[in-house]
Structure formats: structure tokens, C-alpha cells
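*Asks:* Okay, handing you the structure first.
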Amino acid sequence: MDADFGLTIGDAISPFSATFLPSFRLTIIDPSGVSLLPGKSSHRKNFHVHGVPSLNRSFLALASTILLFSTLAANEPVGALRPLRTETPPRIDGVLDDVVWTQAPRVSGFKTFIPDFGKEMPESTHVYMAYDRENLYFAYYCYDPDPSTIKAEVTNRDNIRRHDWICINLDSFNDQQALYGFYVNPLGIQEDSRFAAGGEDMSVDFVWYSAGRIVENGYIVEVQIPLKSIRYADTNPVEMSVVFERRVSRRSEQATYPPLDPRMGFAFLVQMKPILYYDIEHYTLLEVLPGVTYRQDFRDEQGVFRRYVNKGEGSLTMKYGITSDLILDATYNPDFSQVESDAGQVDVNLRSGIFFPEKRPFFLEGNEIFNVAGAGVTPADPLIAGVHTRTIENPLVGVKLSGKIGRKSTIASIYALDEPLAGGDRLHVPILRFKQALTEDSYLGALMTAREDGGAYNRVAGTDGTIRVSASSTLDYNAFASDTKDAMGTESRTGHSIAAVYQYGTRDLNYSFGFNSVSRDFNTMTGFLFRTGILAISGMVTPKFYPNSDFVRRIDLAFVSSQTRDEFSRLWETLNYIQFQATLPAGVSFRIRGRHSTEVFAGQRFRTDGLLVSGGGQFSRQVNFTASYEHANAIYFPAPFQGVQDLFSATLIYQPWNQFEARLSLTHVSFHRDSGDVKIYEYPIGRARLTYQMNRYLFLRAIAEYNKLRRTLLTDYLVSFTYIPGTVLHAGYGSLYQRTEWQTNTYVDADSFHELRRGFFFKMSYLWRS
């Protein structure tokens, strides 16, 4: 680090000179104009010394300088980035003509980690860094000799993962426990995420600003992140950490600064670069989000269309920052409606329910804190999530507290008063989460959840954690106990769920070994669990190879084995497969998997072995196509009996021009009984979604979905305007048609579609922030 320093005598600078004047001031200034004295608020810091014998002052000056630099070295992380502090913020327009960018420090030297580690990108990438009291600023200059090959479209938010993009991975506490992901494509379209406990939550939406522009030698992206939108330590300086990332879609390459260590694999949290911010604002945040919804619903009642819902409601959600790192959310009569229906899924012949991701805004603040270490990692683990907030169906009121209560302690809590959609008494749903950070990305956590319904209840409590064993390996575990009572007067049932998994990952080899035990009476009504009564051990080994070829970039071989005992029948089942996967340019991949397996159900062991083939990717700037086919032995669960299932799925994304996207998908499942080769069912679902993005804020969308088994056709039409997350306006109209009609006293099958339901909705909200 270069710096100017010297003794100030009156108005004169005398570098490292002794004087015989009765006082002196020592000033240290770094090249960015930021004081090198930690914890102070001004750019120049003066130290006055009076009454010191003149003969000793030169020694005192030298000793003071050495002491100050020693203090700085002790307080600042080695190699920390020091962005430019500015009083003149840049204009976020995708043009690097602001004075701040001529003065701001920059980094380069990106190296790949996908498909291989440590390779120089042919294109240079420069990242500039600046800040003021209220915002963080970043600018990327991504050079590219052929801008016509850059993949980017004007599309809606959170729809850019197939594009070229940059990402600012920001650990705002530098505690190696979680990070923000701020993704931007070359035209300035955003996507954001939160990563914690091994999982990335793409459903969150933060308020931040970006602009992008394709230029003659690449593209430029500017980013402004308001400090009100992130959580950070209540200290001065604020120490964060960062990994800058870039993706080049046509070569399936991703690269970072600082470069990732091949010995540590994709462990971002322990490979980030410290970055220091002095004298930034520590807010007492206040957000108010009023909203209005109105809907009308109609249905066919004995051949006559009648309105059965005509309802307008107001809602209010508030967010209060107790500190810059601890947030209180409260809501009354919240609107948890979705503006688009979930894509149809095959919902017959299922052993458990379908997992739908959370999309409702109130639950998304701090949602990543509820991620449980080791959950759903092994192929035999039935506990997918310790907290799945979509089990809270229709809350009347909700309160949430999330954030830090010290440098290493994190809490999150939710209380909701839920009114079940199916009717019945109101449910009380409290959830409490605590995490204590250890060294690196290790932590110990505790989780308590409950669902109280008068005399009936479900209560779960336990612990989880991640221990970093070495640079390349971690040990994840979770252990929970449950107590469940179904109704008044019945005895409660207790159970347990225990999981442990050791994971090792480097450039050339991944492997893991796991253990799971879920007792017969374990239950969680606030999480997601698809099976009970199992004891399992699992292992996986995946060597990776890097051919010297421009066509095949990487080959992964996976060898997986899992042995599970069904505790109800004491029978063992097995899952063993070998998988070959090749990574090709343009995000194209190909996979083939052969499986030898059995599954125990209702005290019987059934064959479930089969063959899976899948592949696809971005074949051109306009066309993305993926498909998979699986032929396998399977169980027909209602009976049960042995059968054979064929599953085909395909998705085509076609963009004939920049602002229009057609997404066509088909899922086809058929099941035949072994004996007699009798077809039990055939279940095709076809879905078409057309989107016209008028600009980055406004889009029009039409959806049609046909379900052959249900003989239904669903149509949705949506106009959506999002200025920033929270300030939105949506209007939609939808209908459900079925091949049925009313005759005399009953509905009968028909050859043509008849409308059974119709609905209109309007939704508006405005985010006010101080």
C-alpha cells in the first residue's frame, strides 16, 4: 500500500524531518484520499504534541509513525481492498465517463473455475470499486473481441442465468457464513440471491440499481447497492469480503477474482477477498409497504356461471432496523397471493407431496438463515427442509426478527397466526433459529418450530452445524426430535431425525459419505419430510477429467451407492448407479445414468432400476433446448404393485428477437403394470408461456397449460410492472376449462372444452423507505 505521510508544521510539510517548534501534527493519507487511521471519521488526522524536548521530537515522530502503521497492520486484514471514498457518486447508466471511475482502484486477473480451475480467460475483465456514506458502487468492464456473440436480452428480473453475466458475491459481515449474490447481464437486467449452509436461495429480491451497455469491445456494467438493502456490522470500519465473478455463456466458462483454489473447490465463503469501508452510514431503517388487492372469481354451478368471490383488501407490512444488522418485520393481513400459477407437475402415483419453493415476499428476509446443514444432501435423506414456510398457508398476522446479535451470533424468528384455507381453527406457528459462527465457514446452530392447533400440536427442536475439517472437506450434521399430538385426548408421539455427511471437493475429485436415521414417529409440519422410518448409509465418488479438447470441456463420472433399511418392515432397499456427464461449450451438457435399485413400500420390496438419458443447453443465441428420458421399473403406490414407468420431459426456449421469449415445455408420464402389460395411466402436461418485455420494468405474459389426464386447459394473462421490489402493479385474468358439461343433474364428459372457473385480480403496492 502506498501512502503520503509527513510532519505538518504550521502549513508546511516536512517529510520525516525533525523540528524544534513547540508542536507538530502527523498526517497519513492513502492514495484514495481515505485516512489510514481505523475508526476515525475524517480524512486527515492530526496528533498534537506539546511540551516535548525538541531534541527528542524526531525520535518521537519516527516512533509514532511506526506505531501507527503497526496498529493499521494489526487491525486491517492482509491484502484488503480499499475502494475509493467519494462525495460525487457516479451516474448508473452503463457509461464509465464519471470522474470517480478514473480515480477508483480496480482489480483484474480473473481465472476460471468452471469448467476447469486456474485458466486465464481470453478476455480481460476490470472491476472498479467506490462508495459513499449510503451506497456501494462497482463497475465492470468486460472486454470481448466479438460483441455479437454476447448472450443478453431485455427480460424480466431473475431470468438471466443462461446469459453472459457478472456477479458481485458479497459477504457483508466477512464472517464466512452467508453471502449476497448480485447478478447483472450485459444489458443491466438483475438477478439476486442469498447463499448459506450450502444452499443458494434465488427467490429473494433486494432493492439495488444497475445499468449495462454492449460496446464495440465488450460490455460495461455499473452497480449501485444501497446500504439500506443489505445487513452489515455496526462498526467503523465495516469489514466485508467479496468475490467478483464473470460468466461467458458461449464457452460455458465462469471466472473469479480472487481466483479460487483448486484444492478448495467451489467453497466461495472461505476464499473471499476482504474489503474495507470507512465512515459509512449505520441506519435505523424504516420501510413501510402498503398494498391493495382486488379479485373477482366465478364458477360454473349446474351450468350457470355465478360470482362467488368479490373482494378487495388492504395490507400493511413494516420493516424496522433495530441496528444495521438486526431487522424486525411485521405484517397485518398480508397479501401472499402469487401473480402467476405454479407450473403443473405430475401429481399422481406419488409417495409424498410435491415441494414448491417459497415466493412470498414477507418470508424472504433472512430466509437463508433457516437452511439446515446436511438436509437433503444424501440420496436417502427424506428431510429436505427443516423450515418450509409454504406450510404457513394464510396468515392473518406475522412478525419476524432476523439478523446479528454480535459478530458471530445470528438469529431468526417467525410468529404467524395462520388461517388454514381448508377452514378450521386458527393455528399458531412460532419458529426460532440461532447460529453461532466458528472458524472459517463452520457454525453450530439450533432450531425450534411448532404448530399449535388447540390441543393438537407438532413441536420440533434440535441442532445442526458445519465443521470445516480441512481446506477441501466439511462435516455437516443435523439432529432433531419431534413431539406430535393429533387431537384432544390422544397420546403424543415422539421421534427423531439424525443426519451426518462428510464431503470432500477439489478440482479433480469429489466424494462424500453419509448417514441418516429417521424414526417411524418423527414428524415436522413446518418443514418438508417425504418419508419416515428409515436407516441409511450412503457414499458417492466423482472423479473429474479435463480432455485437451475445445469440444468436451470436462467429464464427470459418478459412482453412488445407498443402502436403506425400512424400519416398518425391517427390509433393506438399495440404490446404486453409475453416471457419465460431459460438459460442452455454450452451456451444453450430456448425461447418462444406469441405476440398479429397489424400494420398500407397504412391507414389500419392489424393483426400481432403470436408465436415464438427458442433455441440452444454449445451442444459439435464440434457442435453448433441454430434454430427458427415463425408462425404469416403478411402484404403483395406491395398490401397490410392480410396474414400468416411462418419463419424458423437454423444454424449448426460443427468442426470435431481444424482448420476446417463448417457453414451451412438455412432460409425459406413462405407467404399465408388469402382469399383462396393462396401461394404468398416461399423463401428458403441455405448457406454453409467451412473454413480451416492453422494457426492464414492464412485461406482458400469456400462459396456456393442457393436462390430458385431468382433461383441463388453464389460461393465464398477466400485465406486470415492477419498478423496484415492493413497488409493483399487477393485473391478471385466468380461466380453467374442462372437457365436461352439465346435463340434467350431473356433469358428464364432453368432446369440447367448457369454462368452469374464471378469475380477475389486481394488485398494487408501494415501498416507502427512510
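Chain labels A, B, ... are given in the sequence in which chains occur in the C-alpha cells; within each chain residues are numbered consecutively from 1, and ligands are likewise numbered from 1 in the order shown.
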Each residue of range 168-281 of chain A lying at most 6 Å from range 106-113 of chain A should get a row with its shortest atom-to-atom pair and the distance in Å to one decimal, counting only C-alpha atoms; could you produce that, ordered by chain and increasing number, as a Markdown table?
*Replies:*
| residue | atom | partner | partner_atom | distance |
| --- | --- | --- | --- | --- |
| A:Gln254 | CA | A:Thr112 | CA | 5.5 |
| A:Ala255 | CA | A:Thr112 | CA | 3.7 |
| A:Thr256 | CA | A:Phe110 | CA | 5.0 |
| A:Tyr257 | CA | A:Phe110 | CA | 4.9 |
| A:Pro259 | CA | A:Lys111 | CA | 5.3 |
*Asks:* According to DSSP computed on the backbone, where in range 56-234 of chain A is there alpha helix (DSSP H)? Give the residues as a list in words.
*Replies:* Asn56, Arg57, Ser58, Phe59, Leu60, Ala61, Leu62, Ala63, Ser64, Thr65, Ile66, Leu67, Leu68, Phe69, Ser70, Thr71, Leu72, Ala73, Ala74, Asn75, Val99, Val100, Trp101, Thr102 and Gln103 of chain A
*Asks:* Restricting the calculation to only C-alpha atoms, which member of A:Leu475, A:Ala104, A:Val270, A:Ala416 is positioned closest to Glu452 in chain A?
*Replies:*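 Closest residue, counting only C-alpha atoms: A:Ala416.
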*Asks:* Do you know which residues are at most 8 Å from Met264 in chain A counting only C-alpha atoms, after dropping those on the same chain fewer than 6 positions away, and could you put them as a list in words?
*Replies:*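 Listed by chain and then number, they are Ala471, Ser472, Ser473, Gly505, Thr506 and Arg507 of chain A.
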*Asks:* Keeping C-alpha atoms, export the residues of the selection given above as a PDB file, in the first residue's frame.
*Replies:*
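Contents of result_2.pdb, as written:
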ATOM      1  CA  ALA A 471      -9.300 -26.867   3.125  1.00  0.00           C
ATOM      2  CA  SER A 472     -11.128 -29.416   0.968  1.00  0.00           C
ATOM      3  CA  SER A 473     -13.622 -31.057   3.321  1.00  0.00           C
ATOM      4  CA  GLY A 505     -14.301 -31.441  -3.037  1.00  0.00           C
ATOM      5  CA  THR A 506     -11.359 -30.372  -5.185  1.00  0.00           C
ATOM      6  CA  ARG A 507     -10.676 -29.736  -8.861  1.00  0.00           C
TER       7      ARG A 507
END
*Asks:* Please return as an NGL selection string: the residues of range 401-531 of chain A that backbone DSSP assigns to strand (DSSP E).
*Replies:* :A and (401-404 or 409-418 or 427-437 or 443-453 or 456-470 or 473-485 or 493-505 or 509-518 or 528-529)
*Asks:* Which residue is closest to Val288 in chain A? Choose from A:Val501, A:Ile414, A:Ile160, A:Leu767 and count only C-alpha atoms.
*Replies:*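 With only C-alpha atoms as the atom set, the closest residue is A:Leu767.
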*Asks:* Would you list the contacts of Leu575 in chain A as a PyMOL selection string, taking every protein, DNA or RNA residue within 8 Å and counting only C-alpha atoms, but skipping same-chain residues closer than 5 positions in sequence?
*Replies:* chain A and resi 560-563+595-598
*Asks:* Can you tell me, as an mmCIF file with N, CA, C and O atoms, in the first residue's frame, what residues are no more than 8 Å from range 576-582 of chain A when counting only C-alpha atoms, ignoring any on the same chain fewer than 6 positions away?
*Replies:*
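The result, written out as around_27.cif:
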data_model
loop_
_atom_site.group_PDB
_atom_site.id
_atom_site.type_symbol
_atom_site.label_atom_id
_atom_site.label_comp_id
_atom_site.auth_asym_id
_atom_site.auth_seq_id
_atom_site.Cartn_x
_atom_site.Cartn_y
_atom_site.Cartn_z
ATOM 1 N N VAL A 552 -15.169 -31.091 -25.816
ATOM 2 C CA VAL A 552 -15.518 -31.635 -24.494
ATOM 3 C C VAL A 552 -14.654 -30.923 -23.466
ATOM 4 O O VAL A 552 -13.433 -31.106 -23.426
ATOM 5 N N ARG A 553 -15.311 -30.103 -22.621
ATOM 6 C CA ARG A 553 -14.547 -29.296 -21.674
ATOM 7 C C ARG A 553 -14.250 -30.052 -20.384
ATOM 8 O O ARG A 553 -13.219 -29.831 -19.749
ATOM 9 N N ARG A 554 -15.191 -30.919 -19.964
ATOM 10 C CA ARG A 554 -14.984 -31.674 -18.717
ATOM 11 C C ARG A 554 -15.839 -32.926 -18.751
ATOM 12 O O ARG A 554 -16.930 -32.924 -19.317
ATOM 13 N N ILE A 555 -15.339 -33.985 -18.124
ATOM 14 C CA ILE A 555 -16.089 -35.229 -17.963
ATOM 15 C C ILE A 555 -16.150 -35.561 -16.483
ATOM 16 O O ILE A 555 -15.129 -35.590 -15.794
ATOM 17 N N ASP A 556 -17.362 -35.804 -15.986
ATOM 18 C CA ASP A 556 -17.578 -36.229 -14.600
ATOM 19 C C ASP A 556 -18.125 -37.652 -14.605
ATOM 20 O O ASP A 556 -19.106 -37.939 -15.304
ATOM 21 N N LEU A 557 -17.518 -38.517 -13.806
ATOM 22 C CA LEU A 557 -18.035 -39.863 -13.574
ATOM 23 C C LEU A 557 -18.504 -39.932 -12.125
ATOM 24 O O LEU A 557 -17.757 -39.549 -11.217
ATOM 25 N N ALA A 558 -19.700 -40.414 -11.908
ATOM 26 C CA ALA A 558 -20.233 -40.519 -10.552
ATOM 27 C C ALA A 558 -20.560 -41.970 -10.240
ATOM 28 O O ALA A 558 -21.204 -42.662 -11.047
ATOM 29 N N PHE A 559 -20.105 -42.412 -9.073
ATOM 30 C CA PHE A 559 -20.399 -43.751 -8.573
ATOM 31 C C PHE A 559 -21.096 -43.579 -7.224
ATOM 32 O O PHE A 559 -20.494 -43.054 -6.278
ATOM 33 N N VAL A 560 -22.348 -43.988 -7.151
ATOM 34 C CA VAL A 560 -23.180 -43.733 -5.976
ATOM 35 C C VAL A 560 -23.763 -45.037 -5.469
ATOM 36 O O VAL A 560 -24.229 -45.875 -6.257
ATOM 37 N N SER A 561 -23.749 -45.188 -4.144
ATOM 38 C CA SER A 561 -24.381 -46.351 -3.519
ATOM 39 C C SER A 561 -25.027 -45.915 -2.214
ATOM 40 O O SER A 561 -24.426 -45.177 -1.420
ATOM 41 N N SER A 562 -26.276 -46.359 -2.018
ATOM 42 C CA SER A 562 -27.009 -46.050 -0.797
ATOM 43 C C SER A 562 -27.801 -47.282 -0.381
ATOM 44 O O SER A 562 -28.517 -47.879 -1.198
ATOM 45 N N SER A 589 -24.683 -29.762 -22.044
ATOM 46 C CA SER A 589 -24.189 -30.923 -21.308
ATOM 47 C C SER A 589 -24.964 -32.161 -21.738
ATOM 48 O O SER A 589 -26.084 -32.062 -22.256
ATOM 49 N N PHE A 590 -24.362 -33.314 -21.488
ATOM 50 C CA PHE A 590 -24.984 -34.598 -21.811
ATOM 51 C C PHE A 590 -24.754 -35.532 -20.623
ATOM 52 O O PHE A 590 -23.660 -35.576 -20.053
ATOM 53 N N ARG A 591 -25.803 -36.291 -20.262
ATOM 54 C CA ARG A 591 -25.709 -37.173 -19.090
ATOM 55 C C ARG A 591 -26.410 -38.491 -19.376
ATOM 56 O O ARG A 591 -27.480 -38.509 -19.975
ATOM 57 N N ILE A 592 -25.797 -39.580 -18.928
ATOM 58 C CA ILE A 592 -26.429 -40.895 -18.992
ATOM 59 C C ILE A 592 -26.185 -41.596 -17.665
ATOM 60 O O ILE A 592 -25.081 -41.562 -17.124
ATOM 61 N N ARG A 593 -27.253 -42.192 -17.117
ATOM 62 C CA ARG A 593 -27.169 -42.827 -15.803
ATOM 63 C C ARG A 593 -27.848 -44.193 -15.851
ATOM 64 O O ARG A 593 -29.002 -44.302 -16.283
ATOM 65 N N GLY A 594 -27.121 -45.204 -15.389
ATOM 66 C CA GLY A 594 -27.693 -46.532 -15.231
ATOM 67 C C GLY A 594 -27.862 -46.846 -13.756
ATOM 68 O O GLY A 594 -26.925 -46.668 -12.970
ATOM 69 N N ARG A 595 -29.052 -47.320 -13.382
ATOM 70 C CA ARG A 595 -29.372 -47.484 -11.966
ATOM 71 C C ARG A 595 -29.842 -48.902 -11.673
ATOM 72 O O ARG A 595 -30.708 -49.443 -12.371
ATOM 73 N N HIS A 596 -29.270 -49.497 -10.626
ATOM 74 C CA HIS A 596 -29.777 -50.746 -10.066
ATOM 75 C C HIS A 596 -30.301 -50.435 -8.674
ATOM 76 O O HIS A 596 -29.544 -50.028 -7.789
ATOM 77 N N SER A 597 -31.617 -50.608 -8.473
ATOM 78 C CA SER A 597 -32.192 -50.171 -7.210
ATOM 79 C C SER A 597 -33.474 -50.927 -6.897
ATOM 80 O O SER A 597 -34.129 -51.503 -7.781
#
*Asks:* Could you give me, as a PyMOL selection string, the residues within 8 Å of range 140-155 of chain A, counting only C-alpha atoms and dropping anything in the same chain fewer than 2 positions from it?
*Replies:* chain A and resi 123-128+138+157+159-160+162-164+166+185-187+189+214-222+248-250+621+658-659+693+695-696
*Asks:* Residues as selected, N, CA, C and O atoms, written as a short mmCIF file (atom, residue, chain, number, x, y, z; two decimals), in the first residue's frame, can you do that?
*Replies:*
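This went into selection-v9.cif:
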data_model
loop_
_atom_site.label_atom_id
_atom_site.label_comp_id
_atom_site.auth_asym_id
_atom_site.auth_seq_id
_atom_site.Cartn_x
_atom_site.Cartn_y
_atom_site.Cartn_z
N GLU A 123 -10.53 -13.08 -22.55
CA GLU A 123 -10.98 -11.70 -22.44
C GLU A 123 -10.61 -11.13 -21.07
O GLU A 123 -10.82 -11.77 -20.05
N SER A 124 -10.12 -9.90 -21.06
CA SER A 124 -9.80 -9.23 -19.80
C SER A 124 -11.08 -8.76 -19.12
O SER A 124 -12.09 -8.47 -19.77
N THR A 125 -11.01 -8.66 -17.80
CA THR A 125 -12.12 -8.14 -17.00
C THR A 125 -11.54 -7.19 -15.96
O THR A 125 -10.64 -7.57 -15.20
N HIS A 126 -12.04 -5.96 -15.92
CA HIS A 126 -11.61 -4.98 -14.93
C HIS A 126 -12.81 -4.61 -14.05
O HIS A 126 -13.91 -4.36 -14.57
N VAL A 127 -12.59 -4.56 -12.74
CA VAL A 127 -13.65 -4.19 -11.80
C VAL A 127 -13.17 -2.99 -10.99
O VAL A 127 -12.07 -3.02 -10.40
N TYR A 128 -13.99 -1.94 -10.96
CA TYR A 128 -13.69 -0.71 -10.22
C TYR A 128 -14.59 -0.66 -8.98
O TYR A 128 -15.74 -1.11 -9.02
N PHE A 138 -19.92 -0.36 -7.90
CA PHE A 138 -19.00 -1.23 -8.62
C PHE A 138 -19.21 -1.00 -10.12
O PHE A 138 -20.34 -0.71 -10.56
N ARG A 157 -36.84 -9.61 -14.43
CA ARG A 157 -35.90 -9.85 -13.34
C ARG A 157 -35.79 -11.35 -13.05
O ARG A 157 -36.74 -12.09 -13.16
N ASN A 159 -34.12 -13.78 -14.56
CA ASN A 159 -34.27 -14.68 -15.71
C ASN A 159 -33.04 -14.60 -16.61
O ASN A 159 -33.14 -14.64 -17.83
N ILE A 160 -31.85 -14.52 -15.99
CA ILE A 160 -30.65 -14.26 -16.79
C ILE A 160 -29.59 -15.34 -16.65
O ILE A 160 -28.48 -15.19 -17.17
N ARG A 162 -28.99 -18.05 -18.10
CA ARG A 162 -28.49 -18.58 -19.37
C ARG A 162 -27.63 -17.57 -20.12
O ARG A 162 -27.01 -17.90 -21.12
N HIS A 163 -27.59 -16.33 -19.65
CA HIS A 163 -26.92 -15.25 -20.36
C HIS A 163 -25.45 -15.16 -19.97
O HIS A 163 -24.98 -15.81 -19.03
N ASP A 164 -24.70 -14.30 -20.66
CA ASP A 164 -23.48 -13.75 -20.08
C ASP A 164 -23.89 -12.88 -18.88
O ASP A 164 -24.92 -12.20 -18.93
N ILE A 166 -22.27 -10.83 -14.98
CA ILE A 166 -21.28 -10.63 -13.91
C ILE A 166 -22.00 -10.85 -12.58
O ILE A 166 -23.24 -10.77 -12.50
N ASN A 185 -26.80 -8.88 -16.19
CA ASN A 185 -26.42 -9.26 -17.55
C ASN A 185 -25.90 -8.03 -18.31
O ASN A 185 -25.96 -6.91 -17.78
N PRO A 186 -25.37 -8.17 -19.52
CA PRO A 186 -24.76 -7.03 -20.22
C PRO A 186 -25.71 -5.89 -20.54
O PRO A 186 -25.25 -4.82 -20.94
N LEU A 187 -27.02 -6.08 -20.38
CA LEU A 187 -27.99 -5.01 -20.63
C LEU A 187 -28.55 -4.45 -19.33
O LEU A 187 -29.51 -3.69 -19.34
N ILE A 189 -29.95 -6.13 -16.69
CA ILE A 189 -31.04 -6.86 -16.05
C ILE A 189 -30.50 -7.62 -14.84
O ILE A 189 -29.44 -8.25 -14.90
N ILE A 214 -23.68 -2.86 -24.14
CA ILE A 214 -22.73 -3.55 -25.01
C ILE A 214 -22.03 -2.51 -25.87
O ILE A 214 -22.68 -1.68 -26.52
N VAL A 215 -20.69 -2.55 -25.87
CA VAL A 215 -19.88 -1.58 -26.61
C VAL A 215 -19.06 -2.32 -27.65
O VAL A 215 -19.12 -3.55 -27.77
N GLU A 216 -18.25 -1.60 -28.39
CA GLU A 216 -17.55 -2.18 -29.53
C GLU A 216 -16.50 -3.22 -29.14
O GLU A 216 -16.14 -4.06 -29.97
N ASN A 217 -16.02 -3.19 -27.91
CA ASN A 217 -15.02 -4.17 -27.48
C ASN A 217 -15.43 -4.94 -26.24
O ASN A 217 -14.59 -5.37 -25.46
N GLY A 218 -16.73 -5.12 -26.03
CA GLY A 218 -17.20 -5.89 -24.88
C GLY A 218 -18.48 -5.32 -24.31
O GLY A 218 -19.39 -4.90 -25.04
N TYR A 219 -18.56 -5.25 -22.99
CA TYR A 219 -19.71 -4.63 -22.35
C TYR A 219 -19.32 -4.05 -21.00
O TYR A 219 -18.30 -4.43 -20.40
N ILE A 220 -20.13 -3.10 -20.55
CA ILE A 220 -19.90 -2.37 -19.30
C ILE A 220 -21.13 -2.55 -18.42
O ILE A 220 -22.27 -2.48 -18.89
N VAL A 221 -20.91 -2.78 -17.12
CA VAL A 221 -21.98 -2.86 -16.14
C VAL A 221 -21.64 -1.96 -14.96
O VAL A 221 -20.50 -1.99 -14.46
N GLU A 222 -22.59 -1.14 -14.54
CA GLU A 222 -22.45 -0.34 -13.32
C GLU A 222 -23.49 -0.80 -12.30
O GLU A 222 -24.63 -1.11 -12.67
N VAL A 248 -19.03 -16.36 -19.27
CA VAL A 248 -19.08 -16.28 -20.73
C VAL A 248 -19.85 -17.49 -21.22
O VAL A 248 -19.36 -18.62 -21.19
N SER A 249 -21.09 -17.27 -21.65
CA SER A 249 -22.01 -18.38 -21.88
C SER A 249 -21.59 -19.25 -23.06
O SER A 249 -21.76 -20.46 -23.05
N ARG A 250 -21.03 -18.66 -24.11
CA ARG A 250 -20.76 -19.43 -25.32
C ARG A 250 -19.65 -20.47 -25.11
O ARG A 250 -19.52 -21.40 -25.90
N ARG A 621 -27.89 -18.13 -29.92
CA ARG A 621 -28.38 -17.02 -29.12
C ARG A 621 -29.89 -17.05 -28.99
O ARG A 621 -30.46 -16.53 -28.03
N ASN A 658 -35.05 -9.64 -29.28
CA ASN A 658 -34.47 -9.35 -27.97
C ASN A 658 -35.49 -9.35 -26.84
O ASN A 658 -35.19 -9.78 -25.73
N GLN A 659 -36.70 -8.89 -27.07
CA GLN A 659 -37.64 -8.66 -25.97
C GLN A 659 -38.78 -9.68 -25.93
O GLN A 659 -39.71 -9.53 -25.14
N GLN A 693 -41.30 -8.42 -23.14
CA GLN A 693 -40.71 -7.50 -22.19
C GLN A 693 -40.63 -6.13 -22.85
O GLN A 693 -39.73 -5.86 -23.67
N ASN A 695 -39.97 -3.16 -21.52
CA ASN A 695 -38.73 -2.56 -21.04
C ASN A 695 -38.34 -3.32 -19.78
O ASN A 695 -38.96 -4.34 -19.45
N ARG A 696 -37.34 -2.85 -19.05
CA ARG A 696 -36.87 -3.63 -17.90
C ARG A 696 -37.89 -3.67 -16.77
O ARG A 696 -37.74 -4.46 -15.83
#
*Asks:* Please provide as a short mmCIF file (atom, residue, chain, number, x, y, z; two decimals) with N, CA and C atoms, in the first residue's frame all residues within 7 Å of Ala662 in chain A, with the sequence filter that same-chain residues fewer than 5 positions apart are discarded (counting only C-alpha atoms).
*Replies:*
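Full text of around-v2.cif as output:
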data_model
loop_
_atom_site.label_atom_id
_atom_site.label_comp_id
_atom_site.auth_asym_id
_atom_site.auth_seq_id
_atom_site.Cartn_x
_atom_site.Cartn_y
_atom_site.Cartn_z
N ILE A 653 -36.78 -23.01 -25.26
CA ILE A 653 -36.86 -21.57 -25.06
C ILE A 653 -36.40 -20.92 -26.36
N TYR A 654 -37.28 -20.16 -26.97
CA TYR A 654 -36.98 -19.55 -28.26
C TYR A 654 -37.15 -18.04 -28.15
N GLN A 655 -36.10 -17.29 -28.54
CA GLN A 655 -36.15 -15.84 -28.51
C GLN A 655 -35.84 -15.29 -29.90
N ARG A 689 -45.59 -20.60 -22.46
CA ARG A 689 -45.54 -19.31 -21.79
C ARG A 689 -44.88 -18.31 -22.71
N LEU A 690 -45.63 -17.27 -23.12
CA LEU A 690 -45.14 -16.24 -24.02
C LEU A 690 -44.98 -14.94 -23.24
N THR A 691 -43.80 -14.32 -23.34
CA THR A 691 -43.52 -13.10 -22.59
C THR A 691 -42.99 -12.04 -23.54
#
*Asks:* Grab the CA of Gly366 in chain A to CA of Ile411 in chain A distance for me, in Å with one decimal place.
*Replies:*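 According to the coordinates, CA of Gly366 in chain A and CA of Ile411 in chain A are separated by 9.2 Å.
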